[in-house]
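What follows is run_5.csv (CSV, C-alpha atoms).
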chain,number,residue,atom,x,y,z
K,222,MET,CA,95.4,81.6,83.0
K,223,ASN,CA,92.2,82.8,81.4
K,224,ALA,CA,91.7,85.8,79.1
K,225,SER,CA,90.3,88.0,81.8
K,226,GLN,CA,93.2,87.5,84.1
K,227,VAL,CA,95.7,88.2,81.3
K,228,LEU,CA,93.9,91.4,80.2
K,229,LEU,CA,93.7,92.5,83.9
K,230,LEU,CA,97.5,92.1,84.1
K,231,ALA,CA,97.9,94.1,80.9
K,232,PHE,CA,95.9,97.0,82.5
K,233,LEU,CA,97.9,96.6,85.7
K,234,ILE,CA,101.3,96.8,84.0
K,235,GLY,CA,100.0,100.0,82.4
K,236,ILE,CA,99.3,101.4,85.9
K,237,VAL,CA,103.0,100.6,86.7
K,238,ALA,CA,103.9,102.6,83.6
K,239,GLY,CA,101.7,105.4,84.9
K,240,LEU,CA,103.7,105.5,88.1
K,241,ARG,CA,107.1,105.3,86.5
K,242,SER,CA,107.0,105.2,82.7
K,243,LEU,CA,110.2,103.2,82.1
K,244,THR,CA,109.8,100.7,85.0
K,245,ALA,CA,107.0,98.8,83.2
K,246,PRO,CA,109.0,98.1,80.0
K,247,ALA,CA,112.1,97.3,82.1
K,248,VAL,CA,110.4,94.6,84.1
K,249,VAL,CA,108.7,93.3,81.0
K,250,ALA,CA,112.1,93.1,79.2
K,251,TRP,CA,113.6,91.3,82.2
K,252,ALA,CA,110.7,88.9,82.3
K,253,ALA,CA,111.0,88.1,78.6
K,254,HIS,CA,114.7,87.8,78.9
K,255,GLN,CA,114.4,85.3,81.8
K,256,ASN,CA,111.6,83.5,80.0
K,257,TRP,CA,109.0,84.3,82.6
K,258,ILE,CA,106.8,85.5,79.8
K,259,ASN,CA,107.0,84.1,76.3
K,260,LEU,CA,107.4,86.7,73.5
K,261,HIS,CA,109.3,84.4,71.1
K,262,ASN,CA,108.3,84.7,67.5
K,263,THR,CA,106.1,87.7,68.2
K,264,PRO,CA,106.5,91.3,67.0
K,265,LEU,CA,107.7,92.2,70.5
K,266,SER,CA,110.4,89.5,70.7
K,267,PHE,CA,113.0,92.2,70.7
K,268,LEU,CA,112.1,92.9,74.4
K,269,SER,CA,113.8,89.7,75.4
K,270,SER,CA,117.1,90.8,74.0
K,271,THR,CA,120.0,91.7,76.2
K,272,ALA,CA,120.1,95.1,74.5
K,273,ALA,CA,116.5,95.8,75.5
K,274,VAL,CA,117.1,94.7,79.0
K,275,VAL,CA,120.1,97.0,79.4
K,276,ILE,CA,118.6,100.0,77.7
K,277,PHE,CA,115.3,99.9,79.6
K,278,THR,CA,116.9,99.1,82.9
K,279,LEU,CA,119.3,102.1,82.5
K,280,LEU,CA,116.6,104.4,81.5
K,281,ALA,CA,114.4,103.2,84.4
K,282,VAL,CA,117.2,103.9,86.8
K,283,VAL,CA,117.7,107.4,85.4
K,284,GLU,CA,114.0,108.0,85.7
K,285,LEU,CA,114.0,106.9,89.3
K,286,VAL,CA,116.8,109.3,90.1
K,287,ALA,CA,115.3,112.2,88.1
K,288,ASP,CA,111.9,111.8,89.8
K,289,GLN,CA,113.6,112.8,93.1
K,290,LEU,CA,114.5,116.2,91.7
K,291,PRO,CA,112.2,119.1,92.4
K,292,SER,CA,112.6,120.4,88.9
K,293,THR,CA,111.1,117.3,87.3
K,294,PRO,CA,107.9,118.1,85.6
K,295,SER,CA,104.6,116.6,86.7
K,296,ARG,CA,103.8,113.1,85.2
K,297,THR,CA,100.4,114.6,84.2
K,298,LYS,CA,101.9,117.1,81.8
K,299,PRO,CA,101.9,116.2,78.1
K,300,PRO,CA,105.5,114.9,77.8
K,301,GLY,CA,105.3,112.6,80.8
K,302,LEU,CA,101.8,111.5,80.2
K,303,ILE,CA,102.5,110.7,76.5
K,304,ALA,CA,105.5,108.5,77.6
K,305,ARG,CA,103.2,106.7,80.1
K,306,ILE,CA,100.6,106.1,77.4
K,307,ILE,CA,103.3,104.8,75.0
K,308,PHE,CA,105.2,102.6,77.4
K,309,GLY,CA,102.0,101.4,79.1
K,310,GLY,CA,100.7,100.4,75.7
K,311,LEU,CA,103.9,98.6,74.8
K,312,SER,CA,104.0,96.8,78.1
K,313,GLY,CA,100.3,95.9,78.0
K,314,ALA,CA,100.7,94.5,74.5
K,315,ALA,CA,103.6,92.3,75.6
K,316,VAL,CA,101.7,91.0,78.6
K,317,ALA,CA,98.7,90.3,76.4
K,318,LEU,CA,100.8,88.6,73.8
K,319,SER,CA,102.5,86.4,76.3
K,320,GLY,CA,99.1,85.3,77.5
K,321,ALA,CA,97.9,84.5,74.0
K,322,GLN,CA,95.5,87.5,73.9
K,323,SER,CA,95.0,90.3,71.4
K,324,VAL,CA,98.1,92.6,71.1
K,325,ALA,CA,95.8,95.5,70.2
K,326,PHE,CA,93.5,95.0,73.2
K,327,GLY,CA,96.5,94.6,75.5
K,328,ALA,CA,98.0,97.8,74.1
K,329,VAL,CA,94.8,99.7,74.7
K,330,LEU,CA,94.4,98.4,78.2
K,331,GLY,CA,98.1,99.1,79.0
K,332,ALA,CA,97.7,102.7,77.7
K,333,ALA,CA,94.5,103.2,79.7
K,334,GLY,CA,96.4,101.8,82.7
K,335,GLY,CA,99.2,104.3,82.0
K,336,ILE,CA,96.7,107.2,82.1
K,337,ALA,CA,95.0,105.9,85.3
K,338,GLY,CA,98.3,105.3,87.0
K,339,ALA,CA,99.6,108.7,86.2
K,340,PHE,CA,96.7,110.6,87.6
K,341,ALA,CA,96.0,108.3,90.5
K,342,GLY,CA,99.7,108.1,91.4
K,343,TYR,CA,100.0,111.9,91.3
K,344,GLN,CA,96.9,112.3,93.6
K,345,VAL,CA,98.0,109.7,96.1
K,346,ARG,CA,101.6,111.0,96.3
K,347,THR,CA,100.6,114.7,96.8
K,348,ARG,CA,97.9,113.8,99.3
K,349,LEU,CA,100.3,111.5,101.3
K,350,VAL,CA,103.0,114.2,101.4
K,351,LYS,CA,100.5,116.7,102.8
K,352,ALA,CA,98.7,114.3,105.2
K,353,LEU,CA,101.8,112.8,106.6
K,354,LYS,CA,103.8,116.0,106.6
K,355,VAL,CA,106.9,114.3,105.2
K,356,PRO,CA,109.3,115.4,102.4
K,357,ASP,CA,108.2,114.5,98.9
K,358,PHE,CA,111.3,112.2,98.4
K,359,VAL,CA,110.1,109.9,101.2
K,360,ILE,CA,106.8,109.2,99.4
K,361,ALA,CA,108.6,109.1,96.1
K,362,PHE,CA,110.9,106.4,97.4
K,363,LEU,CA,108.0,104.4,98.6
K,364,GLU,CA,106.2,104.8,95.3
K,365,ASP,CA,109.4,103.6,93.6
K,366,ALA,CA,109.3,100.4,95.7
K,367,VAL,CA,105.6,99.8,95.0
K,368,THR,CA,106.2,100.3,91.3
K,369,ILE,CA,109.1,97.9,91.0
K,370,GLY,CA,107.5,95.3,93.3
K,371,GLY,CA,104.2,95.6,91.5
K,372,GLY,CA,105.8,95.3,88.1
K,373,VAL,CA,107.8,92.2,89.1
K,374,PHE,CA,104.7,90.7,90.7
K,375,ILE,CA,102.6,91.2,87.5
K,376,VAL,CA,105.2,89.6,85.1
K,377,SER,CA,105.8,86.7,87.5
K,378,ARG,CA,102.2,85.6,87.3
K,379,PHE,CA,102.8,83.7,84.0
Here is the file; what I need is its structure written in the form of C-alpha coordinates.
Amino acid sequence: MNASQVLLLAFLIGIVAGLRSLTAPAVVAWAAHQNWINLHNTPLSFLSSTAAVVIFTLLAVVELVADQLPSTPSRTKPPGLIARIIFGGLSGAAVALSGAQSVAFGAVLGAAGGIAGAFAGYQVRTRLVKALKVPDFVIAFLEDAVTIGGGVFIVSRF
(Lines of atoms letter the chains of each structure in order from A and count residues from 1; the text may use other names and numbers.)
(Lines give C-alpha, C1' and ligand atoms only; values in the text may rest on other atoms or scores of the structure.)
Protein backbone atom coordinates (compact mmCIF):
# COMPACT_ATOMS: atom_id res chain seq x y z
CA MET A 1 0.00 0.00 0.00
CA ASN A 2 1.43 3.39 -0.93
CA ALA A 3 1.70 6.44 1.33
CA SER A 4 -1.29 8.23 -0.22
CA GLN A 5 -3.56 5.25 0.40
CA VAL A 6 -2.44 4.92 4.03
CA LEU A 7 -2.95 8.61 4.68
CA LEU A 8 -6.39 8.50 3.04
CA LEU A 9 -7.31 5.66 5.40
CA ALA A 10 -6.06 7.75 8.34
CA PHE A 11 -8.41 10.55 7.28
CA LEU A 12 -11.29 8.11 6.74
CA ILE A 13 -10.90 6.51 10.19
CA GLY A 14 -11.13 10.07 11.49
CA ILE A 15 -14.46 10.46 9.70
CA VAL A 16 -15.60 7.31 11.51
CA ALA A 17 -14.63 9.01 14.78
CA GLY A 18 -16.61 12.06 13.69
CA LEU A 19 -19.71 9.91 13.35
CA ARG A 20 -19.18 7.93 16.58
CA SER A 21 -16.18 9.04 18.60
CA LEU A 22 -15.44 5.71 20.25
CA THR A 23 -16.15 3.38 17.35
CA ALA A 24 -12.94 4.39 15.57
CA PRO A 25 -10.56 3.50 18.43
CA ALA A 26 -12.59 0.35 19.13
CA VAL A 27 -12.19 -0.98 15.58
CA VAL A 28 -8.52 0.06 15.55
CA ALA A 29 -7.97 -1.77 18.85
CA TRP A 30 -9.70 -4.88 17.49
CA ALA A 31 -7.65 -4.71 14.28
CA ALA A 32 -4.41 -4.37 16.24
CA HIS A 33 -5.44 -7.17 18.60
CA GLN A 34 -6.23 -9.45 15.64
CA ASN A 35 -2.99 -8.42 13.88
CA TRP A 36 -4.83 -6.89 10.92
CA ILE A 37 -2.72 -3.80 11.55
CA ASN A 38 0.76 -3.88 13.03
CA LEU A 39 1.36 -1.60 16.00
CA HIS A 40 4.00 -3.80 17.64
CA ASN A 41 6.95 -1.88 19.07
CA THR A 42 5.29 1.50 18.45
CA PRO A 43 4.09 4.12 20.93
CA LEU A 44 0.53 2.94 20.20
CA SER A 45 1.14 -0.77 20.80
CA PHE A 46 -1.12 -0.56 23.87
CA LEU A 47 -4.07 -0.50 21.47
CA SER A 48 -3.49 -4.19 20.70
CA SER A 49 -3.92 -5.20 24.33
CA THR A 50 -6.97 -7.09 25.54
CA ALA A 51 -7.62 -4.30 28.04
CA ALA A 52 -7.78 -1.68 25.27
CA VAL A 53 -10.10 -3.85 23.20
CA VAL A 54 -12.46 -4.39 26.13
CA ILE A 55 -12.43 -0.77 27.29
CA PHE A 56 -12.92 0.79 23.86
CA THR A 57 -15.56 -1.77 22.88
CA LEU A 58 -17.58 -1.19 26.05
CA LEU A 59 -17.31 2.57 25.68
CA ALA A 60 -18.34 2.35 22.02
CA VAL A 61 -21.41 0.28 22.92
CA VAL A 62 -22.38 2.79 25.62
CA GLU A 63 -21.99 5.59 23.08
CA LEU A 64 -24.16 3.75 20.54
CA VAL A 65 -26.92 3.42 23.14
CA ALA A 66 -26.54 6.98 24.47
CA ASP A 67 -26.76 8.38 20.95
CA GLN A 68 -30.32 7.08 20.71
CA LEU A 69 -31.42 9.22 23.66
CA PRO A 70 -33.06 12.57 22.89
CA SER A 71 -31.14 14.23 25.73
CA THR A 72 -27.74 13.46 24.16
CA PRO A 73 -26.01 16.71 23.19
CA SER A 74 -25.08 17.43 19.59
CA ARG A 75 -21.80 16.00 18.31
CA THR A 76 -20.91 19.49 17.10
CA LYS A 77 -20.93 21.00 20.62
CA PRO A 78 -17.51 21.34 22.30
CA PRO A 79 -17.43 18.17 24.48
CA GLY A 80 -18.50 15.86 21.65
CA LEU A 81 -16.41 17.64 19.04
CA ILE A 82 -13.30 17.56 21.23
CA ALA A 83 -13.74 13.81 21.77
CA ARG A 84 -14.05 13.30 18.01
CA ILE A 85 -10.87 15.29 17.39
CA ILE A 86 -8.93 13.37 20.05
CA PHE A 87 -10.11 9.89 19.07
CA GLY A 88 -9.92 10.68 15.37
CA GLY A 89 -6.33 11.78 15.91
CA LEU A 90 -5.49 8.66 17.92
CA SER A 91 -7.07 6.36 15.37
CA GLY A 92 -5.52 8.20 12.42
CA ALA A 93 -2.10 8.00 14.06
CA ALA A 94 -2.50 4.24 14.56
CA VAL A 95 -3.54 3.69 10.95
CA ALA A 96 -0.62 5.80 9.69
CA LEU A 97 1.85 3.97 11.95
CA SER A 98 0.62 0.59 10.79
CA GLY A 99 1.24 1.70 7.21
CA ALA A 100 4.77 2.97 8.03
CA GLN A 101 3.78 6.63 7.67
CA SER A 102 4.23 9.66 9.92
CA VAL A 103 2.37 9.32 13.21
CA ALA A 104 2.02 13.12 13.44
CA PHE A 105 0.61 13.46 9.94
CA GLY A 106 -1.75 10.53 10.60
CA ALA A 107 -2.94 12.19 13.81
CA VAL A 108 -3.58 15.49 12.03
CA LEU A 109 -5.47 13.76 9.22
CA GLY A 110 -7.47 11.69 11.71
CA ALA A 111 -8.37 14.80 13.73
CA ALA A 112 -9.38 16.63 10.54
CA GLY A 113 -11.50 13.62 9.57
CA GLY A 114 -13.09 13.74 13.02
CA ILE A 115 -14.16 17.33 12.48
CA ALA A 116 -15.38 16.66 8.94
CA GLY A 117 -17.27 13.54 10.02
CA ALA A 118 -18.92 15.31 12.95
CA PHE A 119 -20.31 18.19 10.89
CA ALA A 120 -21.13 16.18 7.76
CA GLY A 121 -22.71 13.39 9.81
CA TYR A 122 -24.86 15.89 11.70
CA GLN A 123 -26.05 17.51 8.47
CA VAL A 124 -26.79 14.23 6.72
CA ARG A 125 -28.64 12.79 9.71
CA THR A 126 -30.83 15.83 10.34
CA ARG A 127 -31.63 16.27 6.65
CA LEU A 128 -32.49 12.58 6.19
CA VAL A 129 -34.82 12.63 9.20
CA LYS A 130 -36.67 15.62 7.73
CA ALA A 131 -36.66 14.43 4.12
CA LEU A 132 -37.76 10.88 4.87
CA LYS A 133 -40.11 11.89 7.72
CA VAL A 134 -38.86 9.07 9.92
CA PRO A 135 -37.98 9.09 13.61
CA ASP A 136 -34.40 10.11 14.41
CA PHE A 137 -33.57 6.69 15.88
CA VAL A 138 -34.11 5.05 12.47
CA ILE A 139 -31.44 7.20 10.82
CA ALA A 140 -29.24 6.94 13.93
CA PHE A 141 -29.36 3.15 13.70
CA LEU A 142 -28.41 3.29 10.01
CA GLU A 143 -25.59 5.69 10.86
CA ASP A 144 -24.36 3.23 13.50
CA ALA A 145 -24.27 0.45 10.90
CA VAL A 146 -22.40 2.64 8.39
CA THR A 147 -19.94 3.72 11.07
CA ILE A 148 -19.15 0.20 12.27
CA GLY A 149 -19.03 -1.24 8.76
CA GLY A 150 -16.90 1.62 7.48
CA GLY A 151 -14.49 1.33 10.39
CA VAL A 152 -14.05 -2.40 9.90
CA PHE A 153 -13.60 -1.90 6.16
CA ILE A 154 -10.87 0.71 6.72
CA VAL A 155 -8.80 -1.36 9.16
CA SER A 156 -9.17 -4.50 7.05
CA ARG A 157 -7.36 -2.87 4.11
CA PHE A 158 -3.89 -3.68 5.52
Nearby residues (all atoms listed in the file) at most 9 Å from Ile234 of chain K, same-chain spacing under 5 positions excluded, as a list in words:
Leu229, Gly239, Ala245, Pro246, Val249, Gly309, Ser312, Gly313, Val316, Gly331, Gly334, Gly335, Gly371, Gly372, Ile375 and Val376 of chain K
Do you know which residues are at most 12 Å from Leu260 of chain K counting all atoms listed in the file, after dropping those on the same chain fewer than 3 positions away, and could you put them as number ranges by chain?
K: 249-257, 263-270, 312, 314-322, 324, 379
Counting only C-alpha atoms, what is within 12 Å of Leu363 of chain K, bar same-chain residues fewer than 2 positions away, as a PyMOL selection string?
chain K and resi 240+285+289+342+345-346+349-350+355-361+365-371
Interatomic distance (Å, one decimal) between atom CA of Val227 of chain K and atom CA of Gly310 of chain K
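One can read the atom CA of Val227 of chain K to atom CA of Gly310 of chain K distance as 14.3 Å.
One finds atom CA of Ile306 of chain K at 9.2 Å from atom CA of Ala339 of chain K.
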Within 8 Å of Glu284 of chain K, counting only C-alpha atoms, which residues show up once you throw out same-chain ones fewer than 3 positions away? Write them as a short mmCIF file (atom, residue, chain, number, x, y, z; two decimals) with C-alpha atoms, in the coordinates of the input, please.
data_model
loop_
_atom_site.label_atom_id
_atom_site.label_comp_id
_atom_site.auth_asym_id
_atom_site.auth_seq_id
_atom_site.Cartn_x
_atom_site.Cartn_y
_atom_site.Cartn_z
CA ARG K 241 107.10 105.30 86.50
CA LEU K 243 110.20 103.20 82.10
CA LEU K 280 116.60 104.40 81.50
CA ALA K 281 114.40 103.20 84.40
CA ALA K 287 115.30 112.20 88.10
CA ASP K 288 111.90 111.80 89.80
#
Separation of atom CA of Ser225 of chain K from atom CA of Ala325 of chain K, in Å and rounded to one decimal:
14.9 Å
Residue rebuild result segment 364-375 of chain K, all heavy atoms as a tab-separated table (two decimals), in the frame of the given file:
chain	number	residue	atom	x	y	z
K	364	GLU	N	106.90	105.06	96.57
K	364	GLU	CA	106.20	104.80	95.30
K	364	GLU	C	107.13	104.03	94.34
K	364	GLU	O	106.66	103.15	93.63
K	364	GLU	CB	105.86	106.18	94.66
K	364	GLU	CG	105.06	106.05	93.39
K	364	GLU	CD	104.71	107.40	92.78
K	364	GLU	OE1	105.21	108.45	93.24
K	364	GLU	OE2	103.93	107.39	91.82
K	365	ASP	N	108.43	104.33	94.36
K	365	ASP	CA	109.40	103.60	93.60
K	365	ASP	C	109.33	102.08	93.94
K	365	ASP	O	109.29	101.20	93.08
K	365	ASP	CB	110.81	104.07	93.75
K	365	ASP	CG	111.05	105.46	93.20
K	365	ASP	OD1	110.22	105.93	92.38
K	365	ASP	OD2	112.06	106.08	93.59
K	366	ALA	N	109.34	101.82	95.24
K	366	ALA	CA	109.30	100.40	95.70
K	366	ALA	C	108.05	99.72	95.31
K	366	ALA	O	108.08	98.56	94.86
K	366	ALA	CB	109.50	100.40	97.24
K	367	VAL	N	106.91	100.39	95.44
K	367	VAL	CA	105.60	99.80	95.00
K	367	VAL	C	105.62	99.54	93.54
K	367	VAL	O	105.14	98.49	93.09
K	367	VAL	CB	104.46	100.73	95.45
K	367	VAL	CG1	103.16	100.33	94.79
K	367	VAL	CG2	104.31	100.75	96.97
K	368	THR	N	106.14	100.47	92.78
K	368	THR	CA	106.20	100.30	91.30
K	368	THR	C	107.01	99.15	90.88
K	368	THR	O	106.57	98.32	90.07
K	368	THR	CB	106.69	101.64	90.67
K	368	THR	OG1	105.85	102.72	91.10
K	368	THR	CG2	106.68	101.55	89.16
K	369	ILE	N	108.21	99.05	91.41
K	369	ILE	CA	109.10	97.90	91.00
K	369	ILE	C	108.52	96.62	91.51
K	369	ILE	O	108.44	95.65	90.75
K	369	ILE	CB	110.52	98.18	91.60
K	369	ILE	CG1	111.15	99.41	90.94
K	369	ILE	CG2	111.39	96.94	91.39
K	369	ILE	CD1	112.39	99.92	91.65
K	370	GLY	N	108.11	96.58	92.77
K	370	GLY	CA	107.50	95.30	93.30
K	370	GLY	C	106.27	94.93	92.57
K	370	GLY	O	106.08	93.75	92.26
K	371	GLY	N	105.41	95.89	92.29
K	371	GLY	CA	104.20	95.60	91.50
K	371	GLY	C	104.47	95.09	90.15
K	371	GLY	O	103.84	94.14	89.67
K	372	GLY	N	105.43	95.72	89.48
K	372	GLY	CA	105.80	95.30	88.10
K	372	GLY	C	106.33	93.86	88.11
K	372	GLY	O	105.92	93.04	87.27
K	373	VAL	N	107.21	93.56	89.04
K	373	VAL	CA	107.80	92.20	89.10
K	373	VAL	C	106.67	91.20	89.46
K	373	VAL	O	106.60	90.11	88.88
K	373	VAL	CB	108.93	92.14	90.14
K	373	VAL	CG1	109.36	90.71	90.39
K	373	VAL	CG2	110.11	92.97	89.65
K	374	PHE	N	105.79	91.57	90.37
K	374	PHE	CA	104.70	90.70	90.70
K	374	PHE	C	103.81	90.37	89.49
K	374	PHE	O	103.46	89.21	89.24
K	374	PHE	CB	103.81	91.29	91.82
K	374	PHE	CG	102.63	90.47	92.20
K	374	PHE	CD1	102.77	89.38	93.02
K	374	PHE	CD2	101.37	90.77	91.69
K	374	PHE	CE1	101.67	88.59	93.37
K	374	PHE	CE2	100.26	89.99	92.03
K	374	PHE	CZ	100.42	88.89	92.87
K	375	ILE	N	103.49	91.37	88.72
K	375	ILE	CA	102.60	91.20	87.50
K	375	ILE	C	103.27	90.24	86.52
K	375	ILE	O	102.63	89.30	86.07
K	375	ILE	CB	102.32	92.56	86.89
K	375	ILE	CG1	101.40	93.37	87.81
K	375	ILE	CG2	101.70	92.39	85.50
K	375	ILE	CD1	101.34	94.85	87.50
